[in-house]
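Colleague: Contents of work-v5.cif (mmCIF, C-alpha atoms) are given next:
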```
data_coords
loop_
_atom_site.group_PDB
_atom_site.id
_atom_site.type_symbol
_atom_site.label_atom_id
_atom_site.label_comp_id
_atom_site.auth_asym_id
_atom_site.auth_seq_id
_atom_site.Cartn_x
_atom_site.Cartn_y
_atom_site.Cartn_z
ATOM 1 C CA MET A 1 344.799 152.453 16.954
ATOM 2 C CA VAL A 2 345.295 150.735 20.294
ATOM 3 C CA THR A 3 344.443 147.062 20.639
ATOM 4 C CA ILE A 4 343.769 144.796 23.607
ATOM 5 C CA PRO A 5 347.147 142.962 23.365
ATOM 6 C CA ALA A 6 348.902 146.330 23.814
ATOM 7 C CA PHE A 7 347.154 146.807 27.158
ATOM 8 C CA LEU A 8 347.913 143.212 28.156
ATOM 9 C CA ILE A 9 351.621 143.601 27.320
ATOM 10 C CA LEU A 10 351.686 146.777 29.422
ATOM 11 C CA ALA A 11 350.033 144.880 32.305
ATOM 12 C CA VAL A 12 352.670 142.135 31.989
ATOM 13 C CA VAL A 13 355.481 144.707 32.069
ATOM 14 C CA ILE A 14 354.046 146.445 35.153
ATOM 15 C CA PHE A 15 353.613 143.052 36.828
ATOM 16 C CA GLY A 16 357.249 142.240 36.042
ATOM 17 C CA ILE A 17 358.432 145.530 37.570
ATOM 18 C CA GLY A 18 356.410 144.738 40.694
ATOM 19 C CA ALA A 19 357.893 141.238 40.888
ATOM 20 C CA VAL A 20 361.445 142.603 40.546
ATOM 21 C CA GLY A 21 360.683 145.111 43.293
ATOM 22 C CA VAL A 22 359.418 142.406 45.641
ATOM 23 C CA LEU A 23 362.564 140.355 45.032
ATOM 24 C CA ILE A 24 365.239 143.051 45.279
ATOM 25 C CA SER A 25 363.726 145.579 47.704
ATOM 26 C CA ARG A 26 365.170 145.768 51.224
ATOM 27 C CA ASN A 27 362.655 148.328 52.446
ATOM 28 C CA ILE A 28 359.487 146.581 53.616
ATOM 29 C CA ILE A 29 357.287 149.582 52.781
ATOM 30 C CA VAL A 30 358.514 149.610 49.173
ATOM 31 C CA LEU A 31 357.976 145.848 49.138
ATOM 32 C CA PHE A 32 354.338 146.320 50.154
ATOM 33 C CA MET A 33 353.871 148.901 47.419
ATOM 34 C CA CYS A 34 355.342 146.485 44.863
ATOM 35 C CA VAL A 35 352.714 143.907 45.867
ATOM 36 C CA GLU A 36 350.047 146.573 45.338
ATOM 37 C CA LEU A 37 351.609 147.313 41.936
ATOM 38 C CA MET A 38 351.270 143.650 40.942
ATOM 39 C CA LEU A 39 347.601 143.709 42.006
ATOM 40 C CA ASN A 40 347.153 146.815 39.863
ATOM 41 C CA ALA A 41 348.684 145.084 36.848
ATOM 42 C CA ALA A 42 346.216 142.221 37.293
ATOM 43 C CA ASN A 43 343.408 144.782 37.510
ATOM 44 C CA LEU A 44 344.511 146.379 34.241
ATOM 45 C CA ALA A 45 344.483 142.969 32.550
ATOM 46 C CA LEU A 46 341.003 142.232 33.951
ATOM 47 C CA ILE A 47 339.625 145.516 32.615
ATOM 48 C CA ALA A 48 341.268 144.895 29.219
ATOM 49 C CA PHE A 49 339.669 141.426 29.026
ATOM 50 C CA SER A 50 336.362 142.905 30.105
ATOM 51 C CA ARG A 51 336.577 145.417 27.253
ATOM 52 C CA ALA A 52 337.652 142.751 24.751
ATOM 53 C CA LEU A 53 334.733 140.466 25.537
ATOM 54 C CA ASN A 54 332.205 143.308 25.967
ATOM 55 C CA ILE A 55 331.010 141.999 29.332
ATOM 56 C CA MET A 56 331.369 143.965 32.535
ATOM 57 C CA ASP A 57 332.038 141.105 34.964
ATOM 58 C CA GLY A 58 335.710 142.034 35.054
ATOM 59 C CA HIS A 59 334.777 145.391 36.550
ATOM 60 C CA ALA A 60 333.104 143.656 39.504
ATOM 61 C CA PHE A 61 336.252 141.543 39.986
ATOM 62 C CA VAL A 62 338.428 144.660 39.937
ATOM 63 C CA PHE A 63 336.181 146.248 42.550
ATOM 64 C CA LEU A 64 336.627 143.215 44.831
ATOM 65 C CA VAL A 65 340.385 143.159 44.195
ATOM 66 C CA LEU A 66 340.530 146.800 45.309
ATOM 67 C CA ALA A 67 338.787 145.817 48.558
ATOM 68 C CA VAL A 68 341.290 142.990 49.074
ATOM 69 C CA ALA A 69 344.194 145.381 48.377
ATOM 70 C CA ALA A 70 342.883 147.813 50.976
ATOM 71 C CA ALA A 71 342.532 145.032 53.556
ATOM 72 C CA GLU A 72 346.021 143.748 52.729
ATOM 73 C CA ALA A 73 347.532 147.218 53.143
ATOM 74 C CA ALA A 74 345.804 147.763 56.494
ATOM 75 C CA VAL A 75 346.817 144.418 57.988
ATOM 76 C CA GLY A 76 350.301 144.501 56.468
ATOM 77 C CA LEU A 77 351.059 147.963 57.802
ATOM 78 C CA ALA A 78 349.740 146.945 61.254
ATOM 79 C CA ILE A 79 352.124 143.981 61.250
ATOM 80 C CA LEU A 80 354.914 146.315 60.093
ATOM 81 C CA ILE A 81 354.265 148.698 63.008
ATOM 82 C CA THR A 82 354.283 145.810 65.489
ATOM 83 C CA ILE A 83 357.568 144.440 64.139
ATOM 84 C CA PHE A 84 359.112 147.931 64.051
ATOM 85 C CA ARG A 85 358.344 148.362 67.759
ATOM 86 C CA ASN A 86 360.349 145.240 68.566
ATOM 87 C CA ARG A 87 363.135 145.452 65.973
ATOM 88 C CA GLU A 88 363.516 149.198 65.281
ATOM 89 C CA THR A 89 364.225 148.519 61.600
ATOM 90 C CA ILE A 90 362.448 148.316 58.244
ATOM 91 C CA ASN A 91 365.120 146.115 56.673
ATOM 92 C CA ILE A 92 363.400 142.981 55.412
ATOM 93 C CA ASP A 93 366.575 140.933 55.999
ATOM 94 C CA ARG A 94 366.369 141.538 59.760
ATOM 95 C CA PHE A 95 362.876 140.065 59.989
ATOM 96 C CA ASP A 96 364.226 136.559 60.504
ATOM 97 C CA MET A 97 362.551 135.551 63.762
ATOM 98 C CA LEU A 98 360.917 132.514 62.142
ATOM 99 C CA LYS A 99 364.173 131.382 60.498
ATOM 100 C CA TRP A 100 366.262 128.692 62.220
ATOM 101 C CA MET B 1 348.541 159.047 10.915
ATOM 102 C CA ILE B 2 348.823 158.627 14.675
ATOM 103 C CA SER B 3 345.503 159.083 16.363
ATOM 104 C CA LEU B 4 344.952 160.928 19.627
ATOM 105 C CA ASP B 5 344.067 157.658 21.378
ATOM 106 C CA THR B 6 347.435 156.163 20.483
ATOM 107 C CA ILE B 7 349.251 159.205 21.870
ATOM 108 C CA ILE B 8 347.227 159.056 25.108
ATOM 109 C CA PHE B 9 347.954 155.335 25.467
ATOM 110 C CA ALA B 10 351.673 155.734 24.767
ATOM 111 C CA VAL B 11 352.113 158.627 27.187
ATOM 112 C CA SER B 12 350.084 156.937 29.949
ATOM 113 C CA ALA B 13 351.908 153.642 29.510
ATOM 114 C CA LEU B 14 355.309 155.379 29.648
ATOM 115 C CA VAL B 15 354.345 157.352 32.762
ATOM 116 C CA ALA B 16 352.939 154.213 34.447
ATOM 117 C CA VAL B 17 356.135 152.241 33.791
ATOM 118 C CA PHE B 18 358.361 155.214 34.689
ATOM 119 C CA GLY B 19 356.564 155.730 38.025
ATOM 120 C CA ALA B 20 356.779 152.023 38.836
ATOM 121 C CA VAL B 21 360.522 151.840 38.076
ATOM 122 C CA MET B 22 361.316 155.015 40.013
ATOM 123 C CA MET B 23 359.262 153.725 42.955
ATOM 124 C CA ILE B 24 361.599 150.750 43.406
ATOM 125 C CA GLY B 25 364.784 152.788 43.127
ATOM 126 C CA GLN B 26 364.026 155.421 45.759
ATOM 127 C CA ARG B 27 365.815 155.393 49.089
ATOM 128 C CA ASN B 28 363.302 157.713 50.745
ATOM 129 C CA PRO B 29 359.950 155.867 51.205
ATOM 130 C CA VAL B 30 357.960 159.114 50.886
ATOM 131 C CA ALA B 31 359.386 159.632 47.376
ATOM 132 C CA SER B 32 358.482 156.000 46.636
ATOM 133 C CA VAL B 33 354.849 156.637 47.601
ATOM 134 C CA LEU B 34 354.697 159.775 45.440
ATOM 135 C CA TYR B 35 356.114 157.926 42.400
ATOM 136 C CA PHE B 36 353.571 155.167 42.967
ATOM 137 C CA ILE B 37 350.784 157.761 42.921
ATOM 138 C CA VAL B 38 352.158 159.068 39.581
ATOM 139 C CA SER B 39 351.966 155.505 38.231
ATOM 140 C CA LEU B 40 348.419 155.092 39.602
ATOM 141 C CA VAL B 41 347.142 158.259 37.920
ATOM 142 C CA ALA B 42 348.545 157.059 34.587
ATOM 143 C CA GLN B 43 346.852 153.681 35.124
ATOM 144 C CA ALA B 44 343.564 155.453 35.868
ATOM 145 C CA VAL B 45 343.839 157.149 32.458
ATOM 146 C CA LEU B 46 344.270 153.698 30.879
ATOM 147 C CA TYR B 47 341.190 152.403 32.766
ATOM 148 C CA ILE B 48 339.135 155.276 31.400
ATOM 149 C CA GLN B 49 340.514 154.625 27.917
ATOM 150 C CA LEU B 50 339.234 151.050 28.232
ATOM 151 C CA GLY B 51 335.764 152.318 29.129
ATOM 152 C CA ALA B 52 336.008 151.695 32.878
ATOM 153 C CA LEU B 53 335.013 155.223 33.867
ATOM 154 C CA PHE B 54 333.809 154.387 37.386
ATOM 155 C CA LEU B 55 336.835 152.242 38.228
ATOM 156 C CA GLY B 56 339.206 154.899 36.932
ATOM 157 C CA ALA B 57 337.700 157.369 39.393
ATOM 158 C CA ILE B 58 337.700 154.742 42.166
ATOM 159 C CA LEU B 59 341.383 153.996 41.533
ATOM 160 C CA ILE B 60 342.337 157.619 42.145
ATOM 161 C CA ILE B 61 339.942 158.157 45.072
ATOM 162 C CA VAL B 62 340.537 154.876 46.929
ATOM 163 C CA TYR B 63 344.106 153.993 45.953
ATOM 164 C CA ALA B 64 345.830 157.338 45.598
ATOM 165 C CA GLY B 65 343.543 159.058 48.084
ATOM 166 C CA ALA B 66 343.139 156.512 50.868
ATOM 167 C CA ILE B 67 345.557 153.576 50.683
ATOM 168 C CA MET B 68 348.597 155.680 49.767
ATOM 169 C CA VAL B 69 347.744 158.162 52.547
ATOM 170 C CA LEU B 70 347.717 155.178 54.923
ATOM 171 C CA PHE B 71 351.241 154.342 53.723
ATOM 172 C CA LEU B 72 352.308 157.962 54.259
ATOM 173 C CA PHE B 73 350.811 157.917 57.768
ATOM 174 C CA VAL B 74 352.812 154.812 58.668
ATOM 175 C CA ILE B 75 356.030 156.275 57.198
ATOM 176 C CA MET B 76 355.587 159.421 59.270
ATOM 177 C CA LEU B 77 354.547 157.452 62.370
ATOM 178 C CA LEU B 78 357.742 155.406 62.183
ATOM 179 C CA ASN B 79 359.700 158.584 61.347
ATOM 180 C CA LEU B 80 361.492 157.078 58.341
ATOM 181 C CA ARG B 81 363.682 159.483 56.395
ATOM 182 C CA GLY B 82 365.518 157.140 54.052
ATOM 183 C CA GLN B 83 368.682 157.165 56.157
ATOM 184 C CA GLU B 84 368.166 153.681 57.570
ATOM 185 C CA ASP B 85 370.915 151.109 57.127
ATOM 186 C CA LEU B 86 369.450 148.600 54.709
ATOM 187 C CA GLY B 87 372.626 146.530 54.430
ATOM 188 C CA GLY B 88 374.640 145.693 51.350
ATOM 189 C CA ARG B 89 373.297 144.686 47.969
ATOM 190 C CA GLY B 90 373.743 140.965 48.503
ATOM 191 C CA PRO B 91 375.685 138.514 46.340
ATOM 192 C CA SER B 92 375.613 139.384 42.630
ATOM 193 C CA ILE B 93 374.694 135.840 41.619
ATOM 194 C CA GLY B 94 371.504 136.109 43.704
ATOM 195 C CA ARG B 95 370.601 139.463 42.156
ATOM 196 C CA PHE B 96 371.283 138.166 38.651
ATOM 197 C CA SER B 97 369.071 135.106 39.170
ATOM 198 C CA LYS B 98 366.225 137.319 40.405
ATOM 199 C CA TYR B 99 366.350 139.520 37.298
ATOM 200 C CA LEU B 100 366.702 136.449 35.083
ATOM 201 C CA LEU B 101 363.678 134.672 36.580
ATOM 202 C CA VAL B 102 361.434 137.747 36.323
ATOM 203 C CA THR B 103 362.605 138.409 32.744
ATOM 204 C CA LEU B 104 361.759 134.827 31.824
ATOM 205 C CA LEU B 105 358.329 135.209 33.454
ATOM 206 C CA VAL B 106 357.627 138.429 31.549
ATOM 207 C CA ILE B 107 358.729 136.907 28.237
ATOM 208 C CA GLU B 108 356.573 133.867 28.878
ATOM 209 C CA LEU B 109 353.494 135.960 29.707
ATOM 210 C CA ALA B 110 354.100 138.161 26.645
ATOM 211 C CA MET B 111 354.248 135.062 24.446
ATOM 212 C CA VAL B 112 350.935 133.871 25.916
ATOM 213 C CA VAL B 113 349.385 137.253 25.111
ATOM 214 C CA LYS B 114 350.805 137.177 21.575
ATOM 215 C CA SER B 115 349.475 133.687 20.888
ATOM 216 C CA SER B 116 346.013 134.342 22.302
ATOM 217 C CA VAL B 117 342.952 134.658 20.110
ATOM 218 C CA LEU B 118 341.793 138.034 21.367
ATOM 219 C CA PRO B 119 340.062 140.375 18.921
ATOM 220 C CA ASN B 120 342.665 142.632 17.384
ATOM 221 C CA ALA B 121 340.363 145.590 16.832
ATOM 222 C CA ASP B 122 340.697 149.180 17.959
ATOM 223 C CA VAL B 123 339.195 149.365 21.439
ATOM 224 C CA THR B 124 339.762 152.954 22.467
ATOM 225 C CA GLY B 125 337.756 156.042 21.755
ATOM 226 C CA ILE B 126 334.112 156.897 22.262
ATOM 227 C CA SER B 127 333.122 155.688 18.787
ATOM 228 C CA SER B 128 334.023 152.087 19.653
ATOM 229 C CA MET B 129 331.963 152.000 22.853
ATOM 230 C CA VAL B 130 329.643 149.013 22.909
ATOM 231 C CA ALA B 131 326.857 150.106 25.228
ATOM 232 C CA SER B 132 326.203 153.497 26.734
ATOM 233 C CA ASP B 133 326.317 152.133 30.291
ATOM 234 C CA PHE B 134 329.540 150.117 29.835
ATOM 235 C CA GLY B 135 331.742 150.923 32.808
ATOM 236 C CA SER B 136 329.318 153.403 34.303
ATOM 237 C CA VAL B 137 328.317 153.531 37.973
ATOM 238 C CA ALA B 138 324.936 152.013 37.133
ATOM 239 C CA GLY B 139 326.508 149.151 35.203
ATOM 240 C CA VAL B 140 328.961 148.240 37.954
ATOM 241 C CA ALA B 141 326.269 148.587 40.644
ATOM 242 C CA GLU B 142 323.918 146.299 38.736
ATOM 243 C CA LEU B 143 326.587 143.585 38.768
ATOM 244 C CA LEU B 144 327.689 144.116 42.363
ATOM 245 C CA PHE B 145 324.158 144.153 43.790
ATOM 246 C CA GLY B 146 322.829 141.486 41.465
ATOM 247 C CA LYS B 147 325.021 138.739 40.060
ATOM 248 C CA TYR B 148 327.907 139.273 42.517
ATOM 249 C CA LEU B 149 325.875 140.141 45.635
ATOM 250 C CA TYR B 150 327.370 137.411 47.843
ATOM 251 C CA PRO B 151 331.032 138.173 46.951
ATOM 252 C CA PHE B 152 330.249 141.841 47.580
ATOM 253 C CA GLU B 153 328.828 141.068 51.044
ATOM 254 C CA LEU B 154 331.800 138.794 51.787
ATOM 255 C CA ALA B 155 334.136 141.670 50.860
ATOM 256 C CA SER B 156 332.529 143.716 53.626
ATOM 257 C CA VAL B 157 333.188 140.881 56.084
ATOM 258 C CA LEU B 158 336.798 140.791 54.870
ATOM 259 C CA LEU B 159 337.189 144.531 55.420
ATOM 260 C CA LEU B 160 335.682 144.234 58.914
ATOM 261 C CA ALA B 161 338.120 141.435 59.768
ATOM 262 C CA ALA B 162 340.999 143.552 58.403
ATOM 263 C CA ILE B 163 339.947 146.549 60.531
ATOM 264 C CA VAL B 164 339.680 144.436 63.700
ATOM 265 C CA GLY B 165 342.978 142.691 62.942
ATOM 266 C CA ALA B 166 344.805 145.956 62.293
ATOM 267 C CA VAL B 167 343.518 147.515 65.511
ATOM 268 C CA VAL B 168 344.380 144.425 67.570
ATOM 269 C CA MET B 169 347.909 144.147 66.142
ATOM 270 C CA ALA B 170 348.945 147.790 65.926
ATOM 271 C CA GLY B 171 347.123 148.978 69.027
ATOM 272 C CA ARG B 172 348.862 146.634 71.451
ATOM 273 C CA GLU B 173 351.600 147.824 73.767
ATOM 274 C CA LYS B 174 355.156 146.518 73.643
ATOM 275 C CA ALA B 175 355.551 142.793 74.258
ATOM 276 C CA GLY B 176 357.021 141.984 77.665
ATOM 277 C CA ASP B 177 355.736 145.198 79.178
ATOM 278 C CA THR B 178 352.712 143.540 80.766
ATOM 279 C CA SER B 179 351.871 146.289 83.248
ATOM 280 C CA ALA B 180 351.378 148.760 80.399
ATOM 281 C CA ALA B 181 348.864 146.428 78.763
ATOM 282 C CA THR B 182 346.295 147.359 81.405
ATOM 283 C CA LYS B 183 345.789 151.027 80.771
ATOM 284 C CA PRO B 184 344.306 153.370 83.360
ATOM 285 C CA GLU B 185 341.361 154.245 81.125
ATOM 286 C CA SER B 186 340.115 150.614 81.124
ATOM 287 C CA THR B 187 338.308 151.038 84.422
ATOM 288 C CA SER B 188 335.872 148.217 83.815
ATOM 289 C CA SER B 189 337.722 145.982 86.277
ATOM 290 C CA GLY B 190 339.297 147.063 89.526
ATOM 291 C CA SER B 191 342.479 145.061 89.076
ATOM 292 C CA SER B 192 343.539 147.104 86.037
ATOM 293 C CA ILE B 193 343.741 150.272 88.128
ATOM 294 C CA GLY B 194 345.992 148.516 90.606
ATOM 295 C CA GLY B 195 348.113 147.113 87.800
ATOM 296 C CA ALA B 196 348.655 150.551 86.265
ATOM 297 C CA GLY B 197 349.832 151.930 89.562
ATOM 298 C CA ASP B 198 352.830 149.594 89.767
#
```
Output the file's structure as structure tokens, nothing else.
Modeller:
Amino acid sequence: MVTIPAFLILAVVIFGIGAVGVLISRNIIVLFMCVELMLNAANLALIAFSRALNIMDGHAFVFLVLAVAAAEAAVGLAILITIFRNRETINIDRFDMLKW
Amino acid sequence: MISLDTIIFAVSALVAVFGAVMMIGQRNPVASVLYFIVSLVAQAVLYIQLGALFLGAILIIVYAGAIMVLFLFVIMLLNLRGQEDLGGRGPSIGRFSKYLLVTLLVIELAMVVKSSVLPNADVTGISSMVASDFGSVAGVAELLFGKYLYPFELASVLLLAAIVGAVVMAGREKAGDTSAATKPESTSSGSSIGGAGD
């Protein structure tokens, strides 16, 4: 027997892994993927709530979140390519142009 | 007795967490992407277990099939092999505080879940399905083209803006190299041909 709280706890754990990855990762590509992982954890929670309440609205939200994730990946990777042309690195610590 | 649904959930959850953890630890970004895809497939199984059949398929097709391929394209375009110098590991007090803060966040969220008033019933398996069209293509389409029509249309505007933004940012030549900005193939104005000849 699997209950809704089990799915929610799993979503929380996956979200936590994504948050740790965002904080400790030096590689900007891995950092982007960790953000996607956090979005996925939120999606899992939305689908679990949708199932718990027997209404499908959560599925529509998840669909829109997927669209936002795709847009975020496209724009983020374009920014990454532009920065890589100027800096020749993917180390997040070197991207300090806006730091004084 | 442990039911089949419990085994499927446990295995999928373990694989999802395993893929996510391995993704962070990899030095080679290509291996990171592959571990993320492993995690995504396990999450798609969980979606289907929760009755979201259409979204489970969409997760594999769109995420693993399209977005992750975009990541792979960028990794190969930049020719990253995992040998880049990413610096030291930083001060240990900073690392410790990061783990501590995230652990506190996870514990807090878990306590919220535990204290919530959600129904504690078995939710997996075909026998517990509520309606026959729950999570089906028709059910999701009815919502997206009915109740959530305007958000759906706005999502298309968002995707268009993302496409234009990505092309504008990634398609530009190097900053400072102004003569290269006017390419020979842009023959709409005569000055660009002269500029390319410099």
Colleague: Padding 5 Å on every side, please: axis-aligned box over the listed atoms of segment 102-119 of chain B, centre and edge lengths to one decimal in Å, as lines of an AutoDock Vina configuration file.
Modeller:
```
center_x = 351.3
center_y = 137.0
center_z = 27.6
size_x = 32.5
size_y = 16.7
size_z = 27.4
```
Colleague: Select, from A:Asn40, A:Glu88, A:Phe15, A:Val75, the residue with the minimum atom-to-atom distance to chain B, counting only C-alpha atoms.
Modeller: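 Residue with the minimum atom-to-atom distance to chain B: A:Val75.
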Colleague: Figure out the distance between atom CA of Gly146 of chain B and atom CA of Asp133 of chain B, please, to one decimal in Å.
Modeller: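 One can read the atom CA of Asp133 of chain B to atom CA of Gly146 of chain B distance as 15.8 Å.
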Colleague: Mind pulling up the distance from atom CA of Ala70 of chain A to atom CA of Lys147 of chain B?
Modeller: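 About the pair atom CA of Lys147 of chain B and atom CA of Ala70 of chain A: they are 22.8 Å apart.
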Colleague: How far is it from atom CA of Ala67 of chain A to atom CA of Leu44 of chain A, in Å with one decimal?
Modeller: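 Separating atom CA of Ala67 of chain A from atom CA of Leu44 of chain A is a distance of 15.4 Å.
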Colleague: Could you pull the residues within 12 Å of Ala45 of chain A, counting only C-alpha atoms, minus those fewer than 5 positions along the same chain, as number ranges by chain?
Modeller: A: 4-15, 38-40, 50-52, 58-59, 61-62; B: 43, 46-47, 50, 109, 113
Colleague: Given all atoms listed in the file as the basis, pick out the residue of B:Ser32, B:Ser12, B:Ser92, B:Ser115 nearest to chain A.
Modeller: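 Going through B:Ser32, B:Ser12, B:Ser92, B:Ser115 one by one, the smallest distance to chain A is for B:Ser32.
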Colleague: Check which residues satisfy the PyMOL selection byres ((chain A and resi 63) around 12) in the file shown, then give them as an MDAnalysis selection string.
Modeller: (chainID A and resid 39:40 43:44 46:47 56:62 64:70) or (chainID B and resid 52 54:59 62:63 135 137 140:141 143:144 148 151:152 155:156)
Colleague: Which is closest to chain B among A:Ile28, A:Ala78, A:Ile55, A:Ile83, if we use only C-alpha atoms?
Modeller: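 Checking each of A:Ile28, A:Ala78, A:Ile55, A:Ile83 against chain B, counting only C-alpha atoms, the winner is A:Ala78.
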Colleague: Would you kindly return, as a list in words, each protein, DNA or RNA residue with an atom no farther than 8 Å from any atom of Ile92 of chain A, considering all atoms listed in the file and excluding same-chain residues fewer than 2 positions away?
Modeller: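 Answer for this query is Arg26, Asn27, Ile28, Ile90, Arg94 and Phe95 of chain A.
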Colleague: Return the single residue from B:Gln49, B:Ser39, B:Ser136, B:Thr6 that is closest to Val2 of chain A, with distances computed using all atoms listed in the file.
Modeller: B:Thr6
Colleague: Show me, as a list in words, the residues that have an atom within 10 Å of Val11 of chain B when counting all atoms listed in the file, minus same-chain residues fewer than 4 positions from it.
Modeller: Asp5, Thr6, Ile7, Val15, Ala16, Ala42, Val45 and Leu46 of chain B
Colleague: Do you know which residues the PyMOL selection byres ((chain A and resi 81) around 10) returns on this file, as an NGL selection string?
Modeller: (:A and (75-80 or 82-88 or 90)) or (:B and (74-75 or 77-78 or 166 or 169-171))
